[in-house]
Amino acid sequence: MTSFVRATAPPLFLILLSISLPAQALNVPSDGSDGAFAPSANVQIDLSQAVTGNWNQDNAANAGKGIYDPNKWAVVFKYSSVDIPGGVTVTFKNHPSGAPVVWFVQGDANINANAVINIKGADGNQSGGLAEPGPGGFRGGSAGSATAPPPAGFGPGGGSRTGEQDYYGTGSYATRATYFTAGPVYGNSQVVPLIGGSGGCGVVYNNVYYGGGAGGGAIMICSGGTLTMNGTINADGGTGHGASGSGGAIRLIAETIISSGAGRLYARGPQSNMGTSAGLGRIRTEANTYTGTITSIPGASITSLLSASPVYWPPTVIPSVSIAKVGEVSTPSDPWAVLSSPDHFTTIGTMQPTAVEINAVNVPEDWNVVIRIVPFSGPDTTVQAAKVSGDASASVWSATIAPKMGVSSLQVRAYKP
Amino acid sequence: MKTIWLLLITALTLLSGASRSLGYEIEAVDAVSRQYLLVNDASVDGHRDAVSRALLMVCEGPGISYLNAVSREFLLLVPPYNTLDTHLALRIAGGLVIAAQSDYDRLNIVRTGTSASTIDLFDAVHIARVSAGFSP
């Protein structure tokens with residue numbers, strides 16, 4: 001398959017015309033056990049209603065609510081068909097794990113004109129708590145106060161907050177703002193694994209406290225038939241009163257993707273009230289035939305179906321990292337990121353320097369491994385880890401952190417220097 | 001015109017095939033063709049030139065560039081100090097309780113001078129101030 005893409009002004013891409021070449025028929029792993037999804041009015045899908053299990057098990061007993069697979073970190077819906085009428089907006093309430101959303105659709109998926117799938121990150125608060133991300137994204141820093149300074153943005157590309165003067169720690173994902181406190185880029189253009197955008201930091205400006213925007217969410221929609229994309233999928237980051245969150249991720253896979261020209265795919269990093277923009281998210285389309293025009297910001301990574309079974313999940317041979325221990329305390333295998341589930345986070349009793357043990361698989365020895373600590377109040381820190389044992393196939397790394405009292409977010413990132 | 005389209009399709013198909021043959025070892029995941037500008041023969045009166053639409057082709061091979069990895073987000077809790085910590089520190093400082101290693105980790109927070117390696121009144125006072133919100 002070859003697709004022609006017309007670029008009017010980067011990063012706006014318009015899919016104009018297609019030529020279909022012999023290609024693999026798509027094998028969508030859906031038994032349709034979540035039924036047909038055809039809302040007639042605005043609907044919020046509560047991802048916390050998903051049962052925990054293997055994503056590919058029959059979900060007829062919990063039809064329509066999806067399956068949360070901790071090993072895949074995704075809430076998976078196996079629909080028979082999808083038809084979202086015009087004027088209907090679909091939103092999501094996050095799963096406590098913060099997992100992204102996957103729709104495997106047996107047949108056609110119609111996102112009609114003026115229909116909206118909204119996985120946008122929440123805007124920053126001028127007062128109050130952390131901004132909630134779209135599913136699979138990460139929170140924005142809260143506004144904080146004089147006694148509890150605002151935190152940095154959360155997520156691997158979260159905007160940093162290293163001091164009172166670091167105003168513009170915007171979230172990053174596919175791109176990074178030029179401000180030195182903006183977070184790093186991560187992920188890849190194929191959106192494997194599926195992961196959302198990162199949050200912007202809270203800001204203190206002229207003794208006024210501003211919350212950061214949250215990262216946009218992440219969604220993969222895979223249709224075994226025709227995916228008609230005339231509506232909007234919005235995975236924008238949240239606008240920060242302080243710094244904005246980065247755009248999230250959209251991945252569309254289908255035999256045929258059609259649009260009349262009304263289709264919109266957004267994963268933008270908005271400009272904050274302080275005038276600074278966050279990083280762009282990622283958009284990916286895979287189909288044997290493209291017909292029509294879709295507006296995509298940022299420009300989509302476009303490809304044909306090179307296999308009957310595309311890479312839906314991260315293969316086991318790719319690099320991965322996880323936190324094994326903090327001090328002597330083992331971490332949960334399925335860490336959740338909400339305060340209401342204390343059994344899913346790690347409790348230690350000390351603020352003394354503490355070793356964090358990191359497991360790395362398929363991480364080359366010349367890569368950097370860093371751990372980022374984001375307290376729920378105050379500046380964040382990033383600590384370089386050192387390899388303790390192992391080789392490129394499996395290794396153990398260690399970093400010493402200085403825990404702060406209260407709750408902090410820990411996240412490890414390994415990257416090629 | 002048909003000839004022009006055939007040329008375009010042939011060129012783009014060749015480029016697409018070339019991209020597919022790159023395989024997994026290639027880290028670059030984007031390939032963009034040169035911009036094609038086509039000019040018709042100006043043999044028809046009044047039509048002196050014609051320019052094609054600007055076409056950009058994006059062909060991405062099957063290989064995925066895994067140049068980074070990100071862990072799940074873990075939440076770490078250090079429970080705030082409270083009056084129970086102050087009481088325990090006082091009891092340990094007074095010799096009423098033998099401190100365990102976990103007590104040293106949590107309650108021995110003044111680690112200078114004579115208080116460096118022991119839980120004493122300095123620690124108890126500091127913990128009391130922290131739990132009351134007078135110290136960070």
# chains A, B, ... in the order shown; residues from 1 in each chain; ligands from 1
call {"tool": "residues_around", "arguments": {"residues": "segment 123-135 of chain B", "least_positions_apart": "4", "cutoff": "10 Å", "atoms": "only C-alpha atoms", "output": "ChimeraX atom specification"}}
result
/A:147 /B:80-93,106-111,115-116,118-119
call {"tool": "select_by_dssp", "arguments": {"residues": "segment 104-177 of chain A", "states": "strand (DSSP E or B)", "output": "list in words"}}
result
Phe104, Val105, Ala109, Asn110, Ile111, Val116, Ile117, Asn118, Ala131 and Gly140 of chain A
call {"tool": "write_last_selection", "arguments": {"atoms": "C-alpha atoms", "output": "PDB file, in the first residue's frame"}}
result
ATOM      1  CA  PHE A 104     -10.449  -4.229  19.264  1.00  0.00           C
ATOM      2  CA  VAL A 105     -13.438  -4.117  16.908  1.00  0.00           C
ATOM      3  CA  ALA A 109     -15.981   1.306  13.447  1.00  0.00           C
ATOM      4  CA  ASN A 110     -17.857   4.492  12.597  1.00  0.00           C
ATOM      5  CA  ILE A 111     -16.898   7.701  14.306  1.00  0.00           C
ATOM      6  CA  VAL A 116     -15.960  13.070  19.706  1.00  0.00           C
ATOM      7  CA  ILE A 117     -13.764  10.637  21.568  1.00  0.00           C
ATOM      8  CA  ASN A 118     -12.243  12.789  24.270  1.00  0.00           C
ATOM      9  CA  ALA A 131      -4.928  17.724  37.064  1.00  0.00           C
ATOM     10  CA  GLY A 140      -0.170  17.785  35.986  1.00  0.00           C
TER      11      GLY A 140
END
call {"tool": "residues_around", "arguments": {"residues": "Gly390 of chain A", "least_positions_apart": "3", "cutoff": "12 Å", "atoms": "only C-alpha atoms", "output": "PDB file with N, CA and C atoms, in the first residue's frame"}}
result
ATOM      1  N   ILE A 358      16.595  -1.529  40.453  1.00  0.00           N
ATOM      2  CA  ILE A 358      15.895  -1.456  39.161  1.00  0.00           C
ATOM      3  C   ILE A 358      16.227  -2.687  38.335  1.00  0.00           C
ATOM      4  N   ASN A 359      15.209  -3.328  37.831  1.00  0.00           N
ATOM      5  CA  ASN A 359      15.414  -4.451  36.920  1.00  0.00           C
ATOM      6  C   ASN A 359      15.317  -3.961  35.477  1.00  0.00           C
ATOM      7  N   ALA A 360      16.278  -4.356  34.687  1.00  0.00           N
ATOM      8  CA  ALA A 360      16.279  -3.973  33.271  1.00  0.00           C
ATOM      9  C   ALA A 360      16.375  -5.231  32.417  1.00  0.00           C
ATOM     10  N   VAL A 361      15.588  -5.278  31.386  1.00  0.00           N
ATOM     11  CA  VAL A 361      15.601  -6.405  30.448  1.00  0.00           C
ATOM     12  C   VAL A 361      15.835  -5.854  29.050  1.00  0.00           C
ATOM     13  N   ASN A 362      16.782  -6.451  28.374  1.00  0.00           N
ATOM     14  CA  ASN A 362      17.116  -6.041  26.996  1.00  0.00           C
ATOM     15  C   ASN A 362      17.552  -4.580  26.906  1.00  0.00           C
ATOM     16  N   VAL A 363      18.147  -4.096  27.952  1.00  0.00           N
ATOM     17  CA  VAL A 363      18.664  -2.722  27.960  1.00  0.00           C
ATOM     18  C   VAL A 363      20.175  -2.778  27.710  1.00  0.00           C
ATOM     19  N   PRO A 364      20.642  -2.236  26.594  1.00  0.00           N
ATOM     20  CA  PRO A 364      22.081  -2.252  26.324  1.00  0.00           C
ATOM     21  C   PRO A 364      22.886  -1.603  27.452  1.00  0.00           C
ATOM     22  N   GLU A 365      24.088  -2.102  27.636  1.00  0.00           N
ATOM     23  CA  GLU A 365      24.866  -1.652  28.786  1.00  0.00           C
ATOM     24  C   GLU A 365      25.332  -0.212  28.660  1.00  0.00           C
ATOM     25  N   ALA A 386      23.282   3.212  38.427  1.00  0.00           N
ATOM     26  CA  ALA A 386      24.503   2.518  38.007  1.00  0.00           C
ATOM     27  C   ALA A 386      24.221   1.029  37.926  1.00  0.00           C
ATOM     28  N   LYS A 387      24.829   0.399  36.944  1.00  0.00           N
ATOM     29  CA  LYS A 387      24.606  -1.038  36.787  1.00  0.00           C
ATOM     30  C   LYS A 387      25.330  -1.798  37.887  1.00  0.00           C
ATOM     31  N   SER A 393      21.062  -8.552  28.289  1.00  0.00           N
ATOM     32  CA  SER A 393      19.798  -9.285  28.261  1.00  0.00           C
ATOM     33  C   SER A 393      19.004  -9.087  29.549  1.00  0.00           C
ATOM     34  N   ALA A 394      19.684  -9.054  30.659  1.00  0.00           N
ATOM     35  CA  ALA A 394      19.021  -8.822  31.948  1.00  0.00           C
ATOM     36  C   ALA A 394      20.035  -8.237  32.917  1.00  0.00           C
ATOM     37  N   SER A 395      19.673  -7.169  33.559  1.00  0.00           N
ATOM     38  CA  SER A 395      20.618  -6.509  34.453  1.00  0.00           C
ATOM     39  C   SER A 395      19.889  -5.873  35.627  1.00  0.00           C
ATOM     40  N   VAL A 396      20.672  -5.607  36.666  1.00  0.00           N
ATOM     41  CA  VAL A 396      20.149  -4.937  37.854  1.00  0.00           C
ATOM     42  C   VAL A 396      20.900  -3.618  38.012  1.00  0.00           C
ATOM     43  N   TRP A 397      20.170  -2.571  38.213  1.00  0.00           N
ATOM     44  CA  TRP A 397      20.750  -1.256  38.380  1.00  0.00           C
ATOM     45  C   TRP A 397      20.332  -0.722  39.743  1.00  0.00           C
TER      46      TRP A 397
END
call {"tool": "atom_distance", "arguments": {"atom1": "atom CA of Gly216 of chain A", "atom2": "atom CA of Asn230 of chain A"}}
result
20.7 Å
call {"tool": "residues_around", "arguments": {"residues": "segment 173-176 of chain A", "least_positions_apart": "6", "cutoff": "10 Å", "atoms": "only C-alpha atoms", "output": "ChimeraX atom specification"}}
result
/A:155-159,182-189,195-199,215-216,245-249,267,269,277-283,298
call {"tool": "closest_residue", "arguments": {"among": "A:Pro135, A:Gly129, A:Pro310, A:Gly35", "to": "His95 of chain A", "atoms": "only C-alpha atoms"}}
result
A:Pro135
